[in-house]
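See below for work14.cif, which holds mmCIF, C-alpha atoms and all ligand atoms.
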data_start
loop_
_atom_site.group_PDB
_atom_site.id
_atom_site.type_symbol
_atom_site.label_atom_id
_atom_site.label_comp_id
_atom_site.auth_asym_id
_atom_site.auth_seq_id
_atom_site.Cartn_x
_atom_site.Cartn_y
_atom_site.Cartn_z
ATOM 1 C CA MET F 821 -6.994 -24.885 -9.339
ATOM 2 C CA ALA F 822 -7.744 -21.573 -7.674
ATOM 3 C CA ARG F 823 -7.198 -18.465 -9.722
ATOM 4 C CA PRO F 824 -8.105 -14.869 -8.877
ATOM 5 C CA PRO F 825 -11.609 -14.075 -10.047
ATOM 6 C CA LYS F 826 -11.886 -11.952 -13.147
ATOM 7 C CA PRO F 827 -14.908 -10.185 -14.553
ATOM 8 C CA VAL F 828 -17.140 -12.493 -16.527
ATOM 9 C CA SER F 829 -18.287 -11.653 -19.977
ATOM 10 C CA GLY F 830 -21.444 -13.652 -19.893
ATOM 11 C CA LYS F 831 -23.028 -12.612 -23.144
ATOM 12 C CA THR F 832 -24.182 -15.342 -25.419
ATOM 13 C CA PRO F 833 -23.168 -14.890 -29.084
ATOM 14 C CA ALA F 834 -24.719 -11.877 -30.775
ATOM 15 C CA ARG F 835 -27.688 -12.630 -32.965
ATOM 16 C CA SER F 836 -30.718 -10.958 -34.424
ATOM 17 C CA SER F 837 -33.947 -10.730 -32.485
ATOM 18 C CA ARG F 838 -35.542 -13.070 -35.022
ATOM 19 C CA THR F 839 -33.165 -15.904 -34.241
ATOM 20 C CA ALA F 840 -33.140 -15.019 -30.563
ATOM 21 C CA SER F 841 -36.851 -15.623 -30.319
ATOM 22 C CA GLY F 842 -36.397 -18.930 -32.121
ATOM 23 C CA ARG F 843 -33.861 -20.341 -29.717
ATOM 24 C CA THR F 844 -34.935 -22.986 -27.318
ATOM 25 C CA LEU F 845 -34.325 -22.810 -23.617
ATOM 26 C CA ALA F 846 -31.983 -25.795 -24.029
ATOM 27 C CA GLN F 847 -29.839 -23.764 -26.430
ATOM 28 C CA GLU F 848 -29.796 -20.815 -24.047
ATOM 29 C CA LEU F 849 -28.900 -23.058 -21.150
ATOM 30 C CA SER F 850 -26.132 -24.619 -23.179
ATOM 31 C CA ASP F 851 -24.658 -21.162 -23.767
ATOM 32 C CA VAL F 852 -24.935 -20.297 -20.100
ATOM 33 C CA LEU F 853 -23.200 -23.468 -19.031
ATOM 34 C CA ARG F 854 -20.427 -22.813 -21.535
ATOM 35 C CA VAL F 855 -19.856 -19.365 -20.021
ATOM 36 C CA VAL F 856 -19.767 -20.847 -16.527
ATOM 37 C CA ARG F 857 -17.346 -23.551 -17.669
ATOM 38 C CA GLU F 858 -15.035 -21.097 -19.416
ATOM 39 C CA HIS F 859 -14.965 -18.740 -16.446
ATOM 40 C CA SER F 860 -15.120 -21.183 -13.573
ATOM 41 C CA ALA F 861 -12.722 -19.080 -11.512
ATOM 42 C CA SER F 862 -15.254 -16.269 -11.505
ATOM 43 C CA PHE F 863 -17.939 -18.274 -9.798
ATOM 44 C CA PRO F 864 -18.022 -18.975 -6.075
ATOM 45 C CA GLN F 865 -16.086 -22.097 -5.240
ATOM 46 C CA ALA F 866 -15.818 -21.840 -1.513
ATOM 47 C CA ALA F 867 -19.485 -22.030 -0.669
ATOM 48 C CA ASP F 868 -21.701 -24.972 0.116
ATOM 49 C CA ARG F 869 -24.491 -23.527 -1.940
ATOM 50 C CA THR F 870 -24.711 -20.462 -4.161
ATOM 51 C CA ARG F 871 -27.672 -19.222 -6.130
ATOM 52 C CA ILE F 872 -26.859 -17.364 -9.348
ATOM 53 C CA SER F 873 -29.504 -15.472 -11.250
ATOM 54 C CA LEU F 874 -28.805 -14.901 -14.951
ATOM 55 C CA SER F 875 -30.748 -12.729 -17.371
ATOM 56 C CA LEU F 876 -30.584 -13.929 -20.943
ATOM 57 C CA GLU F 877 -30.713 -11.831 -24.065
ATOM 58 C CA SER F 878 -34.001 -13.444 -24.976
ATOM 59 C CA GLY F 879 -35.478 -11.972 -21.806
ATOM 60 C CA ALA F 880 -35.623 -15.309 -20.033
ATOM 61 C CA ARG F 881 -34.121 -15.628 -16.582
ATOM 62 C CA LEU F 882 -32.288 -18.622 -15.196
ATOM 63 C CA GLU F 883 -31.504 -19.402 -11.595
ATOM 64 C CA LEU F 884 -28.569 -21.727 -11.085
ATOM 65 C CA GLU F 885 -27.870 -23.303 -7.743
ATOM 66 C CA VAL F 886 -24.243 -24.317 -7.362
ATOM 67 C CA THR F 887 -23.263 -26.739 -4.649
ATOM 68 C CA GLY F 888 -19.766 -27.828 -3.753
ATOM 69 C CA ARG F 889 -17.534 -29.105 -1.047
ATOM 70 C CA PRO F 890 -17.361 -27.018 2.101
ATOM 71 C CA TRP F 891 -14.456 -24.631 2.257
ATOM 72 C CA THR F 892 -11.511 -26.337 3.905
ATOM 73 C CA GLY F 893 -8.606 -23.963 3.353
ATOM 74 C CA PRO F 894 -7.770 -20.548 4.762
ATOM 75 C CA ALA F 895 -10.103 -17.670 4.032
ATOM 76 C CA ALA F 896 -9.690 -16.096 0.610
ATOM 77 C CA GLU F 897 -8.372 -12.573 0.731
ATOM 78 C CA GLU F 898 -9.804 -9.586 -0.938
ATOM 79 C CA GLU F 899 -7.025 -8.724 -3.254
ATOM 80 C CA GLU F 900 -5.747 -5.307 -4.248
ATOM 81 C CA HIS F 901 -6.980 -3.626 -1.116
ATOM 82 C CA VAL F 902 -4.447 -1.618 0.824
ATOM 83 C CA CYS F 903 -5.349 -3.468 4.009
ATOM 84 C CA LEU F 904 -5.855 -6.802 2.256
ATOM 85 C CA PHE F 905 -7.093 -8.498 5.345
ATOM 86 C CA HIS F 906 -10.633 -7.379 5.449
ATOM 87 C CA GLU F 907 -11.998 -10.145 7.578
ATOM 88 C CA LEU F 908 -15.286 -10.674 5.847
ATOM 89 C CA VAL F 909 -15.454 -14.324 6.756
ATOM 90 C CA GLU F 910 -15.880 -13.695 10.442
ATOM 91 C CA PRO F 911 -18.763 -11.235 10.452
ATOM 92 C CA MET F 912 -20.769 -13.603 8.280
ATOM 93 C CA PHE F 913 -20.775 -16.189 11.026
ATOM 94 C CA GLU F 914 -20.485 -14.188 14.206
ATOM 95 C CA ALA F 915 -21.438 -10.816 15.557
ATOM 96 C CA PHE F 916 -19.484 -7.826 14.335
ATOM 97 C CA ALA F 917 -16.589 -6.744 16.494
ATOM 98 C CA SER F 918 -17.149 -4.347 19.363
ATOM 99 C CA ILE F 919 -14.772 -1.403 19.589
ATOM 100 C CA ASP F 920 -12.956 -3.090 22.471
ATOM 101 C CA ASP F 921 -12.510 -6.215 20.337
ATOM 102 C CA LEU F 922 -10.743 -4.131 17.688
ATOM 103 C CA ASP F 923 -7.866 -3.464 20.123
ATOM 104 C CA LEU F 924 -7.187 -0.071 18.580
ATOM 105 C CA ALA F 925 -4.599 2.538 19.511
ATOM 106 C CA ALA F 926 -5.879 5.813 21.021
ATOM 107 C CA SER F 927 -6.604 7.916 17.918
ATOM 108 C CA ALA F 928 -8.245 5.120 15.957
ATOM 109 C CA LYS F 929 -10.256 4.068 18.997
ATOM 110 C CA ALA F 930 -11.514 7.614 19.507
ATOM 111 C CA GLY F 931 -12.423 7.709 15.819
ATOM 112 C CA ALA F 932 -14.335 4.440 16.063
ATOM 113 C CA GLN F 933 -16.207 5.627 19.150
ATOM 114 C CA ASN F 934 -17.004 8.941 17.488
ATOM 115 C CA LEU F 935 -18.419 7.133 14.459
ATOM 116 C CA GLN F 936 -20.431 4.687 16.525
ATOM 117 C CA GLU F 937 -21.922 7.498 18.620
ATOM 118 C CA GLN F 938 -23.053 9.251 15.456
ATOM 119 C CA PHE F 939 -24.475 6.111 13.827
ATOM 120 C CA PRO F 940 -25.155 3.597 16.606
ATOM 121 C CA ASN F 941 -27.434 1.426 14.503
ATOM 122 C CA ASP F 942 -25.546 1.433 11.224
ATOM 123 C CA VAL F 943 -21.803 1.291 11.837
ATOM 124 C CA LYS F 944 -20.406 -2.257 11.999
ATOM 125 C CA PHE F 945 -16.679 -2.782 12.363
ATOM 126 C CA THR F 946 -15.132 -5.586 10.360
ATOM 127 C CA SER F 947 -11.445 -5.228 11.224
ATOM 128 C CA GLY F 948 -9.093 -3.449 13.602
ATOM 129 C CA ARG F 949 -5.630 -4.324 14.900
ATOM 130 C CA ARG F 950 -4.073 -7.410 13.399
ATOM 131 C CA SER F 951 -1.100 -9.262 14.783
ATOM 132 C CA ILE F 952 1.938 -9.771 12.572
ATOM 133 C CA GLU F 953 1.250 -13.481 12.718
ATOM 134 C CA ARG F 954 -2.245 -12.964 11.408
ATOM 135 C CA GLN F 955 -1.059 -10.532 8.763
ATOM 136 C CA ALA F 956 1.552 -13.014 7.524
ATOM 137 C CA SER F 957 -0.947 -15.881 7.501
ATOM 138 C CA ALA F 958 -3.375 -13.810 5.489
ATOM 139 C CA MET F 959 -0.778 -12.856 2.888
ATOM 140 C CA ALA F 960 0.799 -16.289 2.445
ATOM 141 C CA PRO F 961 -1.956 -18.007 0.407
ATOM 142 C CA ASN F 962 -1.797 -15.174 -2.109
ATOM 143 C CA VAL F 963 1.953 -15.604 -2.468
ATOM 144 C CA VAL F 964 1.480 -19.347 -2.996
ATOM 145 C CA LYS F 965 -0.670 -18.483 -6.001
ATOM 146 C CA ASN F 966 1.510 -15.633 -7.276
ATOM 147 C CA ARG F 967 5.139 -15.203 -6.177
ATOM 148 C CA LYS F 968 5.020 -11.497 -7.161
ATOM 149 C CA TRP F 969 1.768 -10.829 -5.349
ATOM 150 C CA ILE F 970 3.363 -8.583 -2.709
ATOM 151 C CA GLU F 971 5.135 -6.417 -5.252
ATOM 152 C CA GLN F 972 2.014 -6.199 -7.397
ATOM 153 C CA THR F 973 -0.337 -5.414 -4.547
ATOM 154 C CA TYR F 974 1.212 -3.022 -2.042
ATOM 155 C CA LYS F 975 2.317 0.537 -2.518
ATOM 156 C CA ALA F 976 6.063 0.899 -2.877
ATOM 157 C CA SER F 977 7.961 1.056 0.415
ATOM 158 C CA PRO F 978 11.135 -0.392 1.913
ATOM 159 C CA GLN F 979 8.882 -2.825 3.773
ATOM 160 C CA ARG F 980 7.281 -4.089 0.593
ATOM 161 C CA THR F 981 10.730 -4.508 -0.931
ATOM 162 C CA ALA F 982 11.929 -6.522 2.065
ATOM 163 C CA LEU F 983 8.947 -8.872 1.984
ATOM 164 C CA GLN F 984 9.160 -9.437 -1.768
ATOM 165 C CA LYS F 985 12.905 -10.027 -1.452
ATOM 166 C CA TRP F 986 12.290 -12.753 1.101
ATOM 167 C CA VAL F 987 9.890 -14.499 -1.298
ATOM 168 C CA ASP F 988 12.410 -14.155 -4.155
ATOM 169 C CA ASP F 989 15.307 -15.390 -1.998
ATOM 170 C CA TYR F 990 13.489 -18.545 -0.875
ATOM 171 C CA PRO F 991 12.003 -20.160 -3.993
ATOM 172 C CA THR F 992 11.815 -23.496 -2.179
ATOM 173 C CA ALA F 993 9.330 -22.055 0.314
ATOM 174 C CA THR F 994 6.151 -22.961 -1.535
ATOM 175 C CA THR F 995 3.640 -23.837 1.180
ATOM 176 C CA ALA F 996 1.478 -21.236 2.885
ATOM 177 C CA ALA F 997 2.921 -22.256 6.247
ATOM 178 C CA ALA F 998 6.532 -21.818 5.125
ATOM 179 C CA ILE F 999 5.808 -18.490 3.466
ATOM 180 C CA ALA F 1000 3.820 -17.205 6.449
ATOM 181 C CA ALA F 1001 6.718 -18.058 8.752
ATOM 182 C CA GLY F 1002 9.166 -16.240 6.477
ATOM 183 C CA LEU F 1003 7.037 -13.111 6.124
ATOM 184 C CA GLU F 1004 6.370 -13.083 9.832
ATOM 185 C CA GLY F 1005 10.110 -13.166 10.502
ATOM 186 C CA VAL F 1006 10.682 -10.179 8.235
ATOM 187 C CA MET F 1007 7.856 -8.151 9.759
ATOM 188 C CA LYS F 1008 8.918 -8.941 13.308
ATOM 189 C CA SER F 1009 12.333 -7.436 12.572
ATOM 190 C CA TRP F 1010 10.698 -4.076 11.889
ATOM 191 C CA THR F 1011 10.313 -1.160 14.259
ATOM 192 C CA GLU F 1012 6.793 -0.086 15.097
ATOM 193 C CA ALA F 1013 7.139 2.848 12.682
ATOM 194 C CA GLN F 1014 8.113 0.459 9.901
ATOM 195 C CA GLN F 1015 5.185 -1.812 10.702
ATOM 196 C CA ARG F 1016 2.877 1.188 10.619
ATOM 197 C CA ASN F 1017 4.282 2.228 7.269
ATOM 198 C CA PHE F 1018 3.369 -1.160 5.840
ATOM 199 C CA SER F 1019 -0.099 -1.473 7.387
ATOM 200 C CA ARG F 1020 -1.675 0.657 10.083
ATOM 201 C CA HIS F 1021 -3.768 -2.350 11.017
ATOM 202 C CA ILE F 1022 -0.641 -3.937 12.536
ATOM 203 C CA THR F 1023 -0.213 -1.087 14.995
ATOM 204 C CA GLY F 1024 -3.921 -0.706 15.748
ATOM 205 C CA ASP F 1025 -4.137 2.610 13.892
ATOM 206 C CA ALA F 1026 -6.763 1.545 11.335
ATOM 207 C CA PHE F 1027 -10.213 0.020 11.203
ATOM 208 C CA ASP F 1028 -12.585 -1.149 8.494
ATOM 209 C CA VAL F 1029 -16.329 -0.545 8.481
ATOM 210 C CA GLN F 1030 -18.971 -2.619 6.739
ATOM 211 C CA PRO F 1031 -20.206 -0.574 3.746
ATOM 212 C CA VAL F 1032 -23.693 0.898 4.166
ATOM 213 C CA ALA F 1033 -25.938 1.620 1.191
ATOM 214 C CA GLY F 1034 -28.058 4.655 0.418
ATOM 215 C CA ALA F 1035 -28.327 8.086 1.951
ATOM 216 C CA GLN F 1036 -27.343 6.846 5.392
ATOM 217 C CA GLY F 1037 -24.196 5.357 3.873
ATOM 218 C CA GLU F 1038 -23.332 8.716 2.332
ATOM 219 C CA LYS F 1039 -23.688 10.383 5.731
ATOM 220 C CA ILE F 1040 -21.391 7.820 7.304
ATOM 221 C CA LYS F 1041 -18.806 8.325 4.568
ATOM 222 C CA GLN F 1042 -18.844 12.076 5.180
ATOM 223 C CA ALA F 1043 -18.471 11.494 8.913
ATOM 224 C CA ILE F 1044 -15.501 9.164 8.374
ATOM 225 C CA ALA F 1045 -13.766 11.811 6.282
ATOM 226 C CA LYS F 1046 -14.147 14.314 9.140
ATOM 227 C CA LEU F 1047 -12.904 12.124 12.008
ATOM 228 C CA PRO F 1048 -10.223 13.768 14.180
ATOM 229 C CA LYS F 1049 -6.637 12.667 13.520
ATOM 230 C CA LEU F 1050 -7.661 10.854 10.345
ATOM 231 C CA ASN F 1051 -4.531 10.106 8.296
ATOM 232 C CA TRP F 1052 -6.213 8.614 5.226
ATOM 233 C CA HIS F 1053 -9.408 6.854 4.234
ATOM 234 C CA THR F 1054 -10.730 4.972 1.241
ATOM 235 C CA PHE F 1055 -14.077 3.537 0.231
ATOM 236 C CA GLN F 1056 -12.967 1.819 -2.935
ATOM 237 C CA GLU F 1057 -9.932 -0.317 -3.620
ATOM 238 C CA GLY F 1058 -9.251 -2.438 -6.657
ATOM 239 C CA GLY F 1059 -12.888 -2.270 -7.711
ATOM 240 C CA LEU F 1060 -14.081 -3.522 -4.325
ATOM 241 C CA GLU F 1061 -16.124 -1.436 -1.937
ATOM 242 C CA ILE F 1062 -14.063 -1.390 1.239
ATOM 243 C CA TRP F 1063 -14.374 1.284 3.891
ATOM 244 C CA HIS F 1064 -11.005 1.787 5.546
ATOM 245 C CA ALA F 1065 -9.951 4.589 7.891
ATOM 246 C CA GLN F 1066 -6.456 5.016 9.302
ATOM 247 C CA PHE F 1067 -5.185 7.470 11.886
ATOM 248 C CA ASP F 1068 -2.151 9.333 13.089
ATOM 249 C CA THR F 1069 -1.006 8.372 16.552
HETATM 250 ZN ZN ZN F 1101 -8.404 -1.608 6.316
#
Could you render the structure from this file as structure tokens?
Ligand SMILES: [Zn+2]
Amino acid sequence: MARPPKPVSGKTPARSSRTASGRTLAQELSDVLRVVREHSASFPQAADRTRISLSLESGARLELEVTGRPWTGPAAEEEEHVCLFHELVEPMFEAFASIDDLDLAASAKAGAQNLQEQFPNDVKFTSGRRSIERQASAMAPNVVKNRKWIEQTYKASPQRTALQKWVDDYPTATTAAAIAAGLEGVMKSWTEAQQRNFSRHITGDAFDVQPVAGAQGEKIKQAIAKLPKLNWHTFQEGGLEIWHAQFDT
């Protein structure tokens, strides 16, 4: 059963260096497998093959290769991010979006072009405008897992209240499809200003950029913070590195 990942405490039981040196690899491996078993939700479950490298207290290193069934459901969301629909799945399998593909409104588009002109080789866009339908579909699987997910995830607003109220009012809607349809109905009743207040991705006033490491990444961050008409930006949400910039119209 899918549960949100939580940080793994992967330490094997504390022991003195004398006993540590006396442990066999089989004992170490047994401990490792116990940690994996106890924290299964923290290990990738949606991949065909994952390689995990573990360093043991004894100094030994283990490489585990985990195989599983191919992912068959909707893409997992990055939780606790203000945009929540960072479409990481797509860039892994296709080219990153061009600015035209992002379908941005004027200020955000100018910001994206500005950033790309400054860093033509490093800036990759991962998300731009999202339709209400897409937004609802992305939220629904999280609500299936946690009926209070909306309330616990978004900043307080009348829009958040309305969406959570729909979930609370329809306890018999338990499938992702039913919930997506309900949320979509609520969001479609909003004015553009209300949609923007909930997520600037809906109105094309926000984009996400693939994080870049090192000194070049720092330069890009500084450039994002200086973009004209920037309304707000963040590089870190809920412990995840997510580069999000949103703009005034
Ligand atoms: Zn975003």
Just so the selection is clear, what residues does the PyMOL selection byres (((chain F and resi 1068) around 8) and not hetatm) cover here, as a ChimeraX atom specification?
/F:927-928,1025,1049-1051,1066-1067,1069
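Relative to atom CA of F:Ala996, atom CA of F:Val964 is found at 6.2 Å.
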Given the PyMOL selection byres (((chain F and resi 936) around 12) and not hetatm), the residues it picks as a VMD selection string
chain F and resid 918 to 919 929 to 935 937 to 945 1029 1040 1043 to 1044 1047
Work out how far atom CA of F:Gln984 is from atom CA of F:Leu1003, in Å to one decimal.
9.0 Å
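Note that atom CA of F:Pro1048 and atom CA of F:Ile952 are 26.5 Å apart.
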Using all atoms listed in the file, which of F:Asp920, F:Glu1038, F:Asp1028, F:Glu1004 sits nearest ligand ZN 1101 (chain F)?
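The shortest atom-to-atom distance to ligand ZN 1101 (chain F) comes from F:Asp1028.
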Select, from F:His1021, F:Lys1008, F:Lys1039, F:Lys1046, the residue with the minimum atom-to-atom distance to ligand ZN 1101 (chain F), counting only C-alpha atoms and all ligand atoms.
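Result for the nearest residue to ligand ZN 1101 (chain F): F:His1021.
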Of the candidates F:Gln1036, F:Thr1023, F:Thr992, F:Ser1009, which one gets nearest to ligand ZN 1101 (chain F) if we count all atoms listed in the file?
F:Thr1023
Which residue, F:Ala1026, F:Val1032, F:Ala958, F:Ala1045, has the smallest gap to ligand ZN 1101 (chain F) when you use only C-alpha atoms and all ligand atoms?
F:Ala1026
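Distance annotation: of F:Trp969, F:Tyr990, F:Phe916, F:Tyr974, the residue with the minimal separation from F:Ser1019 is F:Tyr974; atom set is only C-alpha atoms.
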Counting all atoms listed in the file, which residue out of F:Thr995, F:Gln972, F:Gln1014, F:Gln979 sits closest to F:Ser957?
F:Thr995
